[in-house]
Structures are given as C-alpha cells and as structure tokens.
Amino acid sequence: MQSHKIKRELADQLIAAGLNPLDVSEVVLRALHEDCDVNGDVTSAATIPPDQVSTLDLVARAPGTVAGIPVAAAVFAVLGGNSVLIDMLSTDGQQVVAGTVLLSVHGPTGVLLQGERPALNLLSHLSAIATATQSWVVALETSLTQVRDTRKTTPGLRTLDKYAVRCGGGINHRMNLSDAALIKDNHVVAAGGVAQAFELIKERFPDLPVEVEVDSLDQLTEALEVGADLVLLDNFTIDELSKAVRINQGRAKLEASGGFTLDQAQAVGDTGVDYVAVGAITHSAPSLDISADLRMETI
C-alpha cells in the first residue's frame with residue numbers, strides 16, 4: 001500500500017473542524033494497514049484491471065446526524081493521492097435522511113474498494129456518536145442543561161470521538177488527565193480528604209480548574225466550601241439533583257452523572273444542573289447504517 005499526504009484543501013477542512021490532519025492521517029493509516037499487509041487487496045488485484053476507474057458513493061441508509069465526512073475522505077486521499085477526486089456532498093453536523101449521498105469518490109476501482117471498509121467504519125462510528133448526542137440535545141432543549149461526553153471513548157480515537165460529540169451538539173469534558181483536575185473518591189482516600197486533595201492540587205497546579213466528584217449532599221457542601229469550580233454529582237437521584245441545585249446557589253457548576261438514560265433527560269434538565277455526563281454516547285452508540293455503492297464508467 002502506498003501512502004500519500006492529505007492535500008492542502010482537505011487538511012484545511014480538518015483544521016477548521018478542530019482536527020489535526022497529521023493525527024487523522026495516522027488513524028487512517030492504521031485502519032488501512034489493518035485491511036492490507038504487503039500483499040494488498042488480493043481479491044481486487046485478481047479481478048479488477050489496474051486502469052479501470054469508477055465512482056464510489058457513501059450513502060446513508062438510515063436517518064441520523066453525520067460526522068466524519070472529511071475523515072472518510074482522508075481514507076481515499078491517503079490511499080489514492082492524486083488518482084482520486086473527492087466530492088463531499090454533506091457536511092458534518094448535518095441531519096440526513098435515508099438515501100442521502102454523503103461522499104462521492106472517483107478514481108481507480110481497486111483504490112476505491114480497498115478504502116471502502118475503513119472509510120465506512122470511521123464514518124459510521126462517528127455518525128453514531130453524533131446521532132446519539134443529538135438525541136440528548138433534543139431531549140434537553142427545554143432546559144439549560146448541556147450534554148457532555150466522558151473519557152469512555154474508543155482507545156486511539158478519543159479526538160475523533162469527541163469531535164463527533166461536538167458535531168451532535170454536545171460539549172466536551174476534558175480531553176485527557178492534564179486538562180483539568182477531577183478529584184474522585186480514590187483521590188480523597190489517598191489524600192486524606194476532599195479539602196486536603198483540593199489544597200494539594202491548587203498548590204501544584206494553581207491555574208487548573210478543579211472538579212470534585214461527590215456521592216452525597218454532605219460531600220457537596222464540603223466541595224463547595226473548599227472552592228470547587230465544578231462538582232460532579234455521582235449517582236444522585238432526580239430529587240437529590242434538585243436539592244443539590246438549591247444548596248449550590250450558583251456557586252459552582254454542577255454536573256449530573258451516573259448512567260442516566262435518554263428517557264430521563266428532560267427530568268435531569270428540569271433540576272437545573274449545568275451538565276449531564278453521558279458515557280453511552282461514545283461507548284454504546286449503535287453504528288449508523290451507511291453503504292458504499294459503486295458506479296462503473298459508461299462508454
């Protein structure tokens with residue numbers, strides 16, 4: 001397999017989306033190498049003339065919110081270089097219906113078929129996350145509560161998974177462990193208490209925001225007293241969330257967490273918490289059905 005750099009126009013689109021073209025290229029190359037070792041695509045090599053050209057359409061087979069079109073395009077750009085022409089017909093964050101053509105690629109048939117599955121895998125996966133996130137956004141639209149992701153992302157795909165959350169209208173929690181401090185119960189045990197953990201973090205990283213995870217209203221009061229910027233309310237009931245909002249009185253941002261389901265979204269929003277963290281939008285979103293349809297050149 002020959003690899004190519006992403007063209008400047010596509011690289012600019014990735015940058016505009018908040019993605020690093022080099023990172024995307026690395027993901028794409030890993031995906032392509034999973035499919036093809038030194039022997040390449042043996043079926044295409046045996047059955048398709050090397051000079052044959054065609055067009056491949058990536059088509060939504062179900063309604064949803066699409067994410068990852070430039071990433072799918074990068075698969076063909078990396079694989080085919082100047083031999084392919086790519087036409088992105090939909091935009092990330094767009095809500096599409098079944099039958100919508102998302103992306104068309106024209107070039108050598110063998111190149112198109114080799115890139116088909118990696119492109120579909122990435123596009124279907126990211127669109128699944130965007131679609132699941134959008135469902136939460138819609139369910140919360142009568143409140144001021146925003147849906148946030150977690151670090152429960154696919155290993156190696158965190159940047160793309162969190163990008164898909166943004167495409168679906170959600171917002172990102174910290175990207176990694178250095179973006180912000182989050183004091184959890186085990187940190188409290190190790191440090192000897194919430195106040196001790198908070199003071200140690202502020203002493204070493206004075207400019208970092210500090211979030212404290214609590215599992216009771218008493219712990220919420222303690223977190224507020226030490227000056228937490230954000231408090232994660234872990235496994236609180238709806239009633240307890242409402243009480244937490246009243247106790248907080250706007251002193252810190254409040255985030256609800258603990259396996260809430262979509263049918264609970266409105267009730268969570270009605271409590272007045274600022275955020276609801278939903279790991280399921282990244283770790284359990286069902287893949288969006290997208291197909292690849294080949295169109296042969298006519299003479």
# chains A, B, ... in the order shown; residues from 1 in each chain; ligands from 1
>>> residues_around(residues="A:Ala72", least_positions_apart="3", cutoff="12 Å", atoms="only C-alpha atoms", output="ChimeraX atom specification")
/A:6,10,14,24-25,27-29,31-32,57-58,66-69,75-79,86-88,91-92,102-105,112,115-127,160,290,292
>>> select_by_dssp(residues="stretch 107-230 of chain A", states="helix (DSSP H, G or I)", output="PyMOL selection string")
chain A and resi 109-139+158-167+185-191+194-204+217-226
>>> write_last_selection(atoms="C-alpha atoms", output="mmCIF file, in the first residue's frame")
data_model
loop_
_atom_site.group_PDB
_atom_site.id
_atom_site.type_symbol
_atom_site.label_atom_id
_atom_site.label_comp_id
_atom_site.auth_asym_id
_atom_site.auth_seq_id
_atom_site.Cartn_x
_atom_site.Cartn_y
_atom_site.Cartn_z
ATOM 1 C CA THR A 109 -11.723 0.940 -8.816
ATOM 2 C CA GLY A 110 -9.159 -1.035 -6.845
ATOM 3 C CA VAL A 111 -8.313 2.006 -4.718
ATOM 4 C CA LEU A 112 -11.988 2.728 -4.048
ATOM 5 C CA LEU A 113 -12.742 -0.825 -2.943
ATOM 6 C CA GLN A 114 -9.655 -1.008 -0.761
ATOM 7 C CA GLY A 115 -10.676 2.181 1.052
ATOM 8 C CA GLU A 116 -14.374 1.331 1.245
ATOM 9 C CA ARG A 117 -14.467 -0.549 4.555
ATOM 10 C CA PRO A 118 -12.074 1.667 6.574
ATOM 11 C CA ALA A 119 -13.966 4.756 5.372
ATOM 12 C CA LEU A 120 -17.331 3.213 6.257
ATOM 13 C CA ASN A 121 -16.107 2.037 9.650
ATOM 14 C CA LEU A 122 -14.912 5.500 10.628
ATOM 15 C CA LEU A 123 -17.875 7.362 9.162
ATOM 16 C CA SER A 124 -20.494 5.002 10.640
ATOM 17 C CA HIS A 125 -18.842 5.068 14.055
ATOM 18 C CA LEU A 126 -18.503 8.835 14.271
ATOM 19 C CA SER A 127 -22.005 9.402 12.883
ATOM 20 C CA ALA A 128 -23.351 7.036 15.535
ATOM 21 C CA ILE A 129 -21.842 9.202 18.265
ATOM 22 C CA ALA A 130 -23.145 12.402 16.673
ATOM 23 C CA THR A 131 -26.624 10.899 16.305
ATOM 24 C CA ALA A 132 -26.743 9.694 19.907
ATOM 25 C CA THR A 133 -25.520 13.069 21.136
ATOM 26 C CA GLN A 134 -28.100 14.926 19.070
ATOM 27 C CA SER A 135 -30.846 12.809 20.650
ATOM 28 C CA TRP A 136 -29.767 14.090 24.063
ATOM 29 C CA VAL A 137 -29.547 17.661 22.826
ATOM 30 C CA VAL A 138 -33.120 17.462 21.556
ATOM 31 C CA ALA A 139 -34.340 15.851 24.785
ATOM 32 C CA ARG A 158 -10.622 9.949 21.518
ATOM 33 C CA THR A 159 -10.016 13.084 19.460
ATOM 34 C CA LEU A 160 -12.372 11.861 16.730
ATOM 35 C CA ASP A 161 -14.983 10.569 19.191
ATOM 36 C CA LYS A 162 -15.080 13.907 20.981
ATOM 37 C CA TYR A 163 -15.222 15.704 17.641
ATOM 38 C CA ALA A 164 -18.316 13.641 16.796
ATOM 39 C CA VAL A 165 -19.895 14.727 20.097
ATOM 40 C CA ARG A 166 -19.446 18.347 19.041
ATOM 41 C CA CYS A 167 -20.985 17.544 15.658
ATOM 42 C CA ASP A 185 -13.296 9.077 45.774
ATOM 43 C CA ASN A 186 -9.990 7.236 45.473
ATOM 44 C CA HIS A 187 -8.103 10.541 45.375
ATOM 45 C CA VAL A 188 -9.929 11.571 48.545
ATOM 46 C CA VAL A 189 -8.869 8.344 50.243
ATOM 47 C CA ALA A 190 -5.263 8.726 49.091
ATOM 48 C CA ALA A 191 -5.012 12.392 50.110
ATOM 49 C CA VAL A 194 -11.560 16.452 49.956
ATOM 50 C CA ALA A 195 -10.006 19.601 51.417
ATOM 51 C CA GLN A 196 -6.544 18.037 51.509
ATOM 52 C CA ALA A 197 -6.808 16.836 47.888
ATOM 53 C CA PHE A 198 -8.056 20.233 46.738
ATOM 54 C CA GLU A 199 -5.257 22.107 48.501
ATOM 55 C CA LEU A 200 -2.581 19.789 47.087
ATOM 56 C CA ILE A 201 -3.830 20.316 43.539
ATOM 57 C CA LYS A 202 -4.051 24.083 43.883
ATOM 58 C CA GLU A 203 -0.578 24.181 45.378
ATOM 59 C CA ARG A 204 0.939 22.324 42.418
ATOM 60 C CA LEU A 217 -25.337 16.152 49.663
ATOM 61 C CA ASP A 218 -22.974 16.375 52.642
ATOM 62 C CA GLN A 219 -19.989 15.887 50.340
ATOM 63 C CA LEU A 220 -21.428 18.545 48.016
ATOM 64 C CA THR A 221 -21.372 21.047 50.875
ATOM 65 C CA GLU A 222 -17.751 20.146 51.622
ATOM 66 C CA ALA A 223 -16.765 20.542 47.961
ATOM 67 C CA LEU A 224 -18.405 23.956 47.796
ATOM 68 C CA GLU A 225 -16.661 25.069 50.994
ATOM 69 C CA VAL A 226 -13.208 24.296 49.581
#
>>> residues_around(residues="A:Ala280", least_positions_apart="4", cutoff="10 Å", atoms="only C-alpha atoms", output="tab-separated table (two decimals) with all heavy atoms, in the first residue's frame")
chain	number	residue	atom	x	y	z
A	129	ILE	N	-22.04	8.35	17.09
A	129	ILE	CA	-21.84	9.20	18.27
A	129	ILE	C	-22.58	10.53	18.10
A	129	ILE	O	-23.25	11.00	19.03
A	129	ILE	CB	-20.34	9.44	18.49
A	129	ILE	CG1	-19.66	8.13	18.90
A	129	ILE	CG2	-20.10	10.52	19.55
A	129	ILE	CD1	-18.15	8.21	18.97
A	132	ALA	N	-26.36	9.91	18.51
A	132	ALA	CA	-26.74	9.69	19.91
A	132	ALA	C	-26.68	10.99	20.70
A	132	ALA	O	-27.56	11.28	21.54
A	132	ALA	CB	-25.82	8.64	20.54
A	133	THR	N	-25.65	11.79	20.44
A	133	THR	CA	-25.52	13.07	21.14
A	133	THR	C	-26.67	14.00	20.79
A	133	THR	O	-27.26	14.65	21.67
A	133	THR	CB	-24.18	13.74	20.78
A	133	THR	OG1	-23.10	12.85	21.07
A	133	THR	CG2	-24.00	15.03	21.55
A	149	ASP	N	-19.58	14.67	27.12
A	149	ASP	CA	-19.02	13.34	27.00
A	149	ASP	C	-18.15	13.01	28.21
A	149	ASP	O	-18.01	13.81	29.13
A	149	ASP	CB	-18.23	13.20	25.70
A	149	ASP	CG	-17.17	14.31	25.55
A	149	ASP	OD1	-16.65	14.79	26.59
A	149	ASP	OD2	-16.87	14.69	24.41
A	150	THR	N	-17.56	11.83	28.18
A	150	THR	CA	-16.64	11.39	29.22
A	150	THR	C	-15.36	10.90	28.53
A	150	THR	O	-15.20	11.06	27.32
A	150	THR	CB	-17.25	10.24	30.04
A	150	THR	OG1	-17.35	9.07	29.21
A	150	THR	CG2	-18.64	10.61	30.55
A	152	LYS	N	-14.80	7.81	28.27
A	152	LYS	CA	-15.16	6.44	27.84
A	152	LYS	C	-15.26	6.41	26.32
A	152	LYS	O	-16.33	6.25	25.74
A	152	LYS	CB	-16.47	6.01	28.51
A	152	LYS	CG	-16.37	5.93	30.03
A	152	LYS	CD	-17.71	5.63	30.67
A	152	LYS	CE	-17.59	5.62	32.19
A	152	LYS	NZ	-18.90	5.38	32.85
A	153	THR	N	-14.11	6.58	25.69
A	153	THR	CA	-14.03	6.65	24.24
A	153	THR	C	-13.26	5.44	23.71
A	153	THR	O	-12.62	4.70	24.47
A	153	THR	CB	-13.31	7.93	23.81
A	153	THR	OG1	-12.05	8.02	24.50
A	153	THR	CG2	-14.13	9.17	24.15
A	259	GLY	N	-25.19	7.04	34.70
A	259	GLY	CA	-25.98	6.10	33.91
A	259	GLY	C	-27.37	6.56	33.56
A	259	GLY	O	-28.27	5.72	33.37
A	260	PHE	N	-27.59	7.86	33.47
A	260	PHE	CA	-28.90	8.35	33.07
A	260	PHE	C	-29.21	7.91	31.63
A	260	PHE	O	-28.33	7.87	30.77
A	260	PHE	CB	-28.98	9.87	33.18
A	260	PHE	CG	-28.96	10.38	34.59
A	260	PHE	CD1	-27.87	11.08	35.09
A	260	PHE	CD2	-30.05	10.17	35.42
A	260	PHE	CE1	-27.85	11.54	36.39
A	260	PHE	CE2	-30.04	10.63	36.73
A	260	PHE	CZ	-28.94	11.32	37.21
A	261	THR	N	-30.47	7.59	31.40
A	261	THR	CA	-30.91	7.18	30.07
A	261	THR	C	-31.66	8.31	29.40
A	261	THR	O	-32.08	9.28	30.05
A	261	THR	CB	-31.81	5.93	30.16
A	261	THR	OG1	-32.91	6.20	31.05
A	261	THR	CG2	-31.02	4.75	30.70
A	262	LEU	N	-31.84	8.17	28.09
A	262	LEU	CA	-32.44	9.25	27.31
A	262	LEU	C	-33.83	9.60	27.80
A	262	LEU	O	-34.22	10.78	27.77
A	262	LEU	CB	-32.48	8.85	25.83
A	262	LEU	CG	-32.89	9.93	24.83
A	262	LEU	CD1	-31.95	11.12	24.89
A	262	LEU	CD2	-32.91	9.34	23.41
A	284	SER	N	-21.49	3.34	23.57
A	284	SER	CA	-22.57	2.41	23.26
A	284	SER	C	-23.48	2.86	22.12
A	284	SER	O	-24.55	2.27	21.93
A	284	SER	CB	-23.44	2.18	24.52
A	284	SER	OG	-22.68	1.62	25.56
A	285	ALA	N	-23.09	3.88	21.38
A	285	ALA	CA	-23.94	4.36	20.29
A	285	ALA	C	-23.97	3.33	19.15
A	285	ALA	O	-22.92	2.90	18.68
A	285	ALA	CB	-23.42	5.70	19.77
A	286	PRO	N	-25.16	2.94	18.71
A	286	PRO	CA	-25.24	1.97	17.60
A	286	PRO	C	-24.80	2.59	16.28
A	286	PRO	O	-25.15	3.73	15.97
A	286	PRO	CB	-26.72	1.59	17.56
A	286	PRO	CG	-27.43	2.75	18.18
A	286	PRO	CD	-26.49	3.31	19.20
>>> atom_distance(atom1="atom CA of A:Leu85", atom2="atom CA of A:Pro108")
10.1 Å
>>> select_by_dssp(residues="stretch 149-296 of chain A", states="strand (DSSP E)", output="list in words")
Ala181, Leu182, Ile183, Val210, Glu211, Val212, Glu213, Val214, Leu230, Val231, Leu232, Leu233, Asp234, Lys253, Leu254, Glu255, Ala256, Ser257, Tyr275, Val276, Ala277, Ile290, Ser291, Ala292, Asp293, Leu294, Arg295 and Met296 of chain A
>>> write_last_selection(atoms="C-alpha atoms", output="compact mmCIF listing (two decimals), in the first residue's frame")
# COMPACT_ATOMS: atom_id res chain seq x y z
CA ALA A 181 -8.22 18.10 37.85
CA LEU A 182 -11.04 15.77 38.87
CA ILE A 183 -10.95 14.64 42.48
CA VAL A 210 -10.76 21.63 39.84
CA GLU A 211 -13.80 19.38 39.72
CA VAL A 212 -14.82 17.31 42.73
CA GLU A 213 -16.87 14.12 42.48
CA VAL A 214 -19.37 13.65 45.31
CA LEU A 230 -17.34 22.19 39.25
CA VAL A 231 -18.99 19.41 41.22
CA LEU A 232 -19.82 16.04 39.70
CA LEU A 233 -22.94 14.64 41.32
CA ASP A 234 -22.38 10.89 41.06
CA LYS A 253 -21.11 24.38 38.00
CA LEU A 254 -22.99 21.14 38.63
CA GLU A 255 -22.70 18.02 36.52
CA ALA A 256 -25.02 15.01 36.86
CA SER A 257 -23.51 11.60 36.19
CA TYR A 275 -24.37 19.45 32.59
CA VAL A 276 -25.22 15.79 32.31
CA ALA A 277 -22.32 13.45 31.56
CA ILE A 290 -24.10 3.73 5.70
CA SER A 291 -23.43 1.83 2.48
CA ALA A 292 -20.90 2.12 -0.35
CA ASP A 293 -22.37 1.92 -3.86
CA LEU A 294 -20.08 1.54 -6.88
CA ARG A 295 -20.90 3.20 -10.19
CA MET A 296 -18.94 1.99 -13.21
>>> atom_distance(atom1="atom CA of A:Lys184", atom2="atom CA of A:Ala267")
25.4 Å
>>> closest_residue(among="A:Thr282, A:His173, A:Pro206, A:Gln94", to="A:Pro155", atoms="only C-alpha atoms")
A:Thr282
>>> atom_distance(atom1="atom CA of A:Gly40", atom2="atom CA of A:Glu297")
23.9 Å
